[in-house]
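Data block below; observations after.
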Amino acid sequence: MAPFRVALSGDFRKADGSPTFPDFDLTPLREARNVEMAFLDNASPLKGEQLEDFDALILLAHRFDAGSVPKSGRLAVVARFGVGYDTVDVPACTANDIALVITPDGVRRPVAVSIITFMLALTGKMMVKDRLARMGGPGFATRGEHMGVGLVGRTLGSLGLGNIGAEMFRMAKPFDMNFIAHDPYADKAVAAELGIELVPIEELFRRADVLAVNCPLTPDTHHIVNAERLKLMKPTAYFINTARGPIVDQKALTKVLQDGRIAGAGLDVFEQEPTDPNDPLLKLDNIITAPHALCWTDQCFAGNGAADVKAVLDVMKGQLPRGIVNREVTDRPGFKAKLEAFGKRFG
């Protein structure tokens, strides 16, 4: 019987062949019966001919577009390592009976922790206080000029109330803050359970003392954080983005930060990645930044990897995996036929 073949994008390995992320445990795939796995050559976007003989793909950062779809029609699942899927052509996947799967359980807590980390660092003035301590006497003499901001009774806002947004609010409960969010697709039961007031988007920007972006990047959310909305924010407010850079008009954000229209920002993502070291945003002293990696921990990557491996093995057994983005694919006869065939062979 021919094996179930799993491809891993080439960026999961370094040039010397060692794993890029050792916490991604591939043992369950290596030890599974009737499974054969292989690393692809590095290419972005991936090329369809690379995937002709594979049933599943575990995808890190490389792009998967219409040209990445193999002509054989064999590929059944693309398991994205993380929750962002702006690097994947979703309609092309659906049209070719390929399920796109993400790993919400793997990143929910790590990304929420990253948001809380930014919030505490910004409101506690950690960056400037670190510099003052290193200055010795002169720094200590000016510490009273850099008072932090207490969180009790302040308003934490979220643009988006999905998996990560809800977890952020759960983690923020002990701070005794007020919670508001804007999300046209919000689960009202979850909002009620967590004590979150759902508000219009303009009200979110006006009222939040700390505003975090927790929505995916889609055509509808591109630059949804624009100059007009940023100008609604309080001059004492902080802005946090750990989602995707292009959700925010970065030039507009730079301008309000330069003008002191808001107090500061914590940014893990940018419109251009890697960043340009000469970007005026990076010259500001009222921001804290990270290279799209603040949530990168051993637990995060182990969780993402385990979720992707389980999704692939579920498909192999003829079962629907968790975290399918393009749910409509599950009703397509072609995809159903793939699952049924896998179930008969490996289930």
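Letters for chains follow the order of the structure tokens (A, B, ...), residue numbers begin at 1 for each chain, and ligand numbers begin at 1 in the order shown.
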
| Near Arg170 of chain A, counting only C-alpha atoms, which residues have an atom at most 12 Å away, once you skip same-chain residues fewer than 4 positions from it, shown as a PyMOL selection string? | chain A and resi 108-109+112-113+116+156+161+163-166+174-177+179+190-191+193-196

| message | With only C-alpha atoms as the counted atoms, please give the residues lying no more than 10 Å from segment 56-72 of chain A, apart from itself and same-chain residues fewer than 4 positions off, as a ChimeraX atom specification. | response | /A:4-12,37-40,42-52,76-82,84-93,95-96,98-102,305,308-309,311-313,315-316

| message | Using Å and a single decimal, report how far atom CA of Arg322 of chain A sits from atom CA of Ile240 of chain A. | response | 28.6 Å

| message | Measuring between only C-alpha atoms, which one of A:Ala121, A:Val128, A:Leu211, A:Ala141 shows the shortest distance to Gly160 of chain A? | response |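 Going through A:Ala121, A:Val128, A:Leu211, A:Ala141 one by one, the smallest distance to Gly160 of chain A is for A:Leu211.
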
| task | Compare A:Thr20, A:Thr94, A:Ser114, A:Thr103 by their minimum atom-to-atom distance to Phe335 of chain A, counting only C-alpha atoms, and give me the closest one. | result | A:Thr94

| request: Do a neighbour search on Thr142 of chain A at 12 Å with only C-alpha atoms, toss out local chain neighbours closer than 3 positions, and write the hits as number ranges by chain. | output: A: 128-129, 131-133, 135-139, 145-147

| task | Write out as number ranges by chain the residues lying within 10 Å of His222 of chain A, counting only C-alpha atoms and excluding same-chain residues fewer than 6 positions away. | result | A: 216, 244-249

Could you write out the selected residues, including N, CA, C and O atoms, as a tab-separated table (two decimals), in the first residue's frame?
```tsv
chain	number	residue	atom	x	y	z
A	216	PRO	N	-7.76	39.02	12.09
A	216	PRO	CA	-6.89	38.55	11.00
A	216	PRO	C	-6.75	39.60	9.92
A	216	PRO	O	-7.55	40.54	9.83
A	244	ARG	N	-1.18	41.39	12.51
A	244	ARG	CA	-0.48	41.53	11.23
A	244	ARG	C	-0.26	43.01	10.96
A	244	ARG	O	-1.14	43.84	11.20
A	245	GLY	N	0.91	43.34	10.41
A	245	GLY	CA	1.28	44.73	10.18
A	245	GLY	C	0.35	45.50	9.28
A	245	GLY	O	-0.05	46.64	9.59
A	246	PRO	N	-0.05	44.94	8.12
A	246	PRO	CA	-0.87	45.73	7.19
A	246	PRO	C	-2.29	46.01	7.66
A	246	PRO	O	-3.02	46.72	6.98
A	247	ILE	N	-2.69	45.49	8.80
A	247	ILE	CA	-3.97	45.89	9.38
A	247	ILE	C	-3.92	47.37	9.74
A	247	ILE	O	-4.94	48.06	9.76
A	248	VAL	N	-2.72	47.86	9.98
A	248	VAL	CA	-2.49	49.24	10.42
A	248	VAL	C	-1.82	50.04	9.31
A	248	VAL	O	-0.87	49.57	8.68
A	249	ASP	N	-2.29	51.24	9.09
A	249	ASP	CA	-1.59	52.19	8.22
A	249	ASP	C	-0.39	52.69	9.02
A	249	ASP	O	-0.51	53.55	9.89
```

Quick one: everything within 8 Å of Arg207 of chain A, counting only C-alpha atoms, minus sequence neighbours fewer than 4 positions away in the same chain. Send it as a short mmCIF file (atom, residue, chain, number, x, y, z; two decimals) with N, CA and C atoms, in the first residue's frame.
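Final output, part03.cif:
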```cif
data_model
loop_
_atom_site.label_atom_id
_atom_site.label_comp_id
_atom_site.auth_asym_id
_atom_site.auth_seq_id
_atom_site.Cartn_x
_atom_site.Cartn_y
_atom_site.Cartn_z
N THR A 155 -9.61 51.14 30.69
CA THR A 155 -10.36 50.39 29.70
C THR A 155 -9.44 49.69 28.72
N GLY A 157 -9.30 47.63 25.34
CA GLY A 157 -10.11 47.42 24.15
C GLY A 157 -9.46 46.46 23.19
N GLU A 203 -16.14 54.05 18.62
CA GLU A 203 -16.22 54.13 20.08
C GLU A 203 -15.07 53.36 20.72
N MET A 233 -8.16 58.39 19.36
CA MET A 233 -7.65 57.83 20.61
C MET A 233 -7.25 58.93 21.59
N LYS A 234 -7.30 58.59 22.86
CA LYS A 234 -6.88 59.51 23.91
C LYS A 234 -5.37 59.77 23.81
#
```

| said: For the strand (DSSP E) assignment from backbone DSSP, which residues of segment 9-210 of chain A qualify? Please present them as a PyMOL selection string. | reply: chain A and resi 35-39+56-59+77-80+99-101+155-159+178-182+196-198+210

Okay, now the selection with N, CA, C and O atoms, as a tab-separated table (two decimals), in the first residue's frame?
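Okay, out_32.tsv is ready:
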```
chain	number	residue	atom	x	y	z
A	35	VAL	N	3.25	6.33	6.98
A	35	VAL	CA	3.49	7.75	6.74
A	35	VAL	C	4.92	7.95	6.25
A	35	VAL	O	5.86	7.39	6.82
A	36	GLU	N	5.05	8.73	5.22
A	36	GLU	CA	6.36	9.10	4.71
A	36	GLU	C	6.42	10.63	4.67
A	36	GLU	O	5.50	11.27	4.17
A	37	MET	N	7.46	11.21	5.21
A	37	MET	CA	7.57	12.67	5.23
A	37	MET	C	8.86	13.11	4.56
A	37	MET	O	9.85	12.37	4.53
A	38	ALA	N	8.83	14.32	4.02
A	38	ALA	CA	10.00	14.86	3.33
A	38	ALA	C	9.96	16.38	3.39
A	38	ALA	O	8.89	16.99	3.41
A	39	PHE	N	11.14	16.97	3.44
A	39	PHE	CA	11.26	18.42	3.40
A	39	PHE	C	11.39	18.88	1.95
A	39	PHE	O	12.13	18.29	1.16
A	56	ALA	N	-0.34	15.79	2.01
A	56	ALA	CA	-0.47	16.84	3.03
A	56	ALA	C	0.77	17.72	3.02
A	56	ALA	O	1.87	17.27	2.66
A	57	LEU	N	0.58	18.96	3.43
A	57	LEU	CA	1.68	19.93	3.54
A	57	LEU	C	1.60	20.63	4.88
A	57	LEU	O	0.53	21.13	5.25
A	58	ILE	N	2.71	20.66	5.59
A	58	ILE	CA	2.83	21.49	6.79
A	58	ILE	C	3.65	22.70	6.38
A	58	ILE	O	4.80	22.56	5.93
A	59	LEU	N	3.07	23.88	6.52
A	59	LEU	CA	3.60	25.11	5.93
A	59	LEU	C	4.03	26.10	7.00
A	59	LEU	O	3.25	26.44	7.87
A	77	VAL	N	-4.63	18.64	2.27
A	77	VAL	CA	-4.62	19.57	3.40
A	77	VAL	C	-3.32	20.37	3.43
A	77	VAL	O	-2.24	19.84	3.17
A	78	VAL	N	-3.45	21.65	3.69
A	78	VAL	CA	-2.33	22.53	3.99
A	78	VAL	C	-2.48	22.93	5.45
A	78	VAL	O	-3.46	23.60	5.82
A	79	ALA	N	-1.55	22.50	6.27
A	79	ALA	CA	-1.59	22.80	7.71
A	79	ALA	C	-0.61	23.91	7.99
A	79	ALA	O	0.61	23.70	7.98
A	80	ARG	N	-1.13	25.10	8.21
A	80	ARG	CA	-0.32	26.30	8.44
A	80	ARG	C	0.18	26.30	9.88
A	80	ARG	O	-0.57	26.08	10.83
A	99	ALA	N	-8.12	21.45	2.13
A	99	ALA	CA	-8.48	22.12	3.37
A	99	ALA	C	-7.29	22.92	3.89
A	99	ALA	O	-6.16	22.41	3.92
A	100	LEU	N	-7.54	24.16	4.28
A	100	LEU	CA	-6.51	24.97	4.93
A	100	LEU	C	-6.78	24.94	6.43
A	100	LEU	O	-7.87	25.29	6.88
A	101	VAL	N	-5.78	24.50	7.17
A	101	VAL	CA	-5.93	24.35	8.62
A	101	VAL	C	-4.94	25.27	9.34
A	101	VAL	O	-3.79	25.41	8.90
A	155	THR	N	-9.61	51.14	30.69
A	155	THR	CA	-10.36	50.39	29.70
A	155	THR	C	-9.44	49.69	28.72
A	155	THR	O	-8.62	50.34	28.05
A	156	LEU	N	-9.56	48.38	28.67
A	156	LEU	CA	-8.82	47.57	27.71
A	156	LEU	C	-9.74	47.27	26.54
A	156	LEU	O	-10.84	46.74	26.71
A	157	GLY	N	-9.30	47.63	25.34
A	157	GLY	CA	-10.11	47.42	24.15
A	157	GLY	C	-9.46	46.46	23.19
A	157	GLY	O	-8.23	46.36	23.14
A	158	SER	N	-10.28	45.77	22.42
A	158	SER	CA	-9.76	44.82	21.44
A	158	SER	C	-10.47	45.01	20.11
A	158	SER	O	-11.71	45.04	20.06
A	159	LEU	N	-9.70	45.13	19.06
A	159	LEU	CA	-10.24	45.13	17.70
A	159	LEU	C	-10.23	43.67	17.24
A	159	LEU	O	-9.23	43.15	16.79
A	178	ASN	N	-11.92	47.72	32.72
A	178	ASN	CA	-13.16	47.64	31.95
A	178	ASN	C	-12.81	47.07	30.58
A	178	ASN	O	-11.77	47.40	30.01
A	179	PHE	N	-13.69	46.23	30.03
A	179	PHE	CA	-13.41	45.56	28.77
A	179	PHE	C	-14.39	46.01	27.68
A	179	PHE	O	-15.61	45.97	27.88
A	180	ILE	N	-13.85	46.39	26.52
A	180	ILE	CA	-14.68	46.70	25.36
A	180	ILE	C	-14.04	46.06	24.12
A	180	ILE	O	-12.82	45.82	24.08
A	181	ALA	N	-14.87	45.76	23.13
A	181	ALA	CA	-14.35	45.17	21.91
A	181	ALA	C	-15.26	45.51	20.74
A	181	ALA	O	-16.45	45.78	20.92
A	182	HIS	N	-14.65	45.51	19.56
A	182	HIS	CA	-15.43	45.62	18.33
A	182	HIS	C	-15.13	44.42	17.46
A	182	HIS	O	-13.97	44.12	17.16
A	196	ILE	N	-17.46	41.69	28.53
A	196	ILE	CA	-16.97	42.58	27.48
A	196	ILE	C	-18.13	43.31	26.83
A	196	ILE	O	-19.10	42.68	26.39
A	197	GLU	N	-18.03	44.62	26.77
A	197	GLU	CA	-19.05	45.43	26.09
A	197	GLU	C	-18.68	45.53	24.62
A	197	GLU	O	-17.58	45.97	24.27
A	198	LEU	N	-19.57	45.11	23.74
A	198	LEU	CA	-19.35	45.21	22.31
A	198	LEU	C	-19.78	46.60	21.83
A	198	LEU	O	-20.89	47.04	22.10
A	210	VAL	N	-5.97	51.16	26.59
A	210	VAL	CA	-5.04	50.25	25.92
A	210	VAL	C	-5.85	49.55	24.83
A	210	VAL	O	-6.88	48.93	25.11
```

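Atom CA of Val107 of chain A is positioned 12.1 Å from atom CA of Gly323 of chain A.
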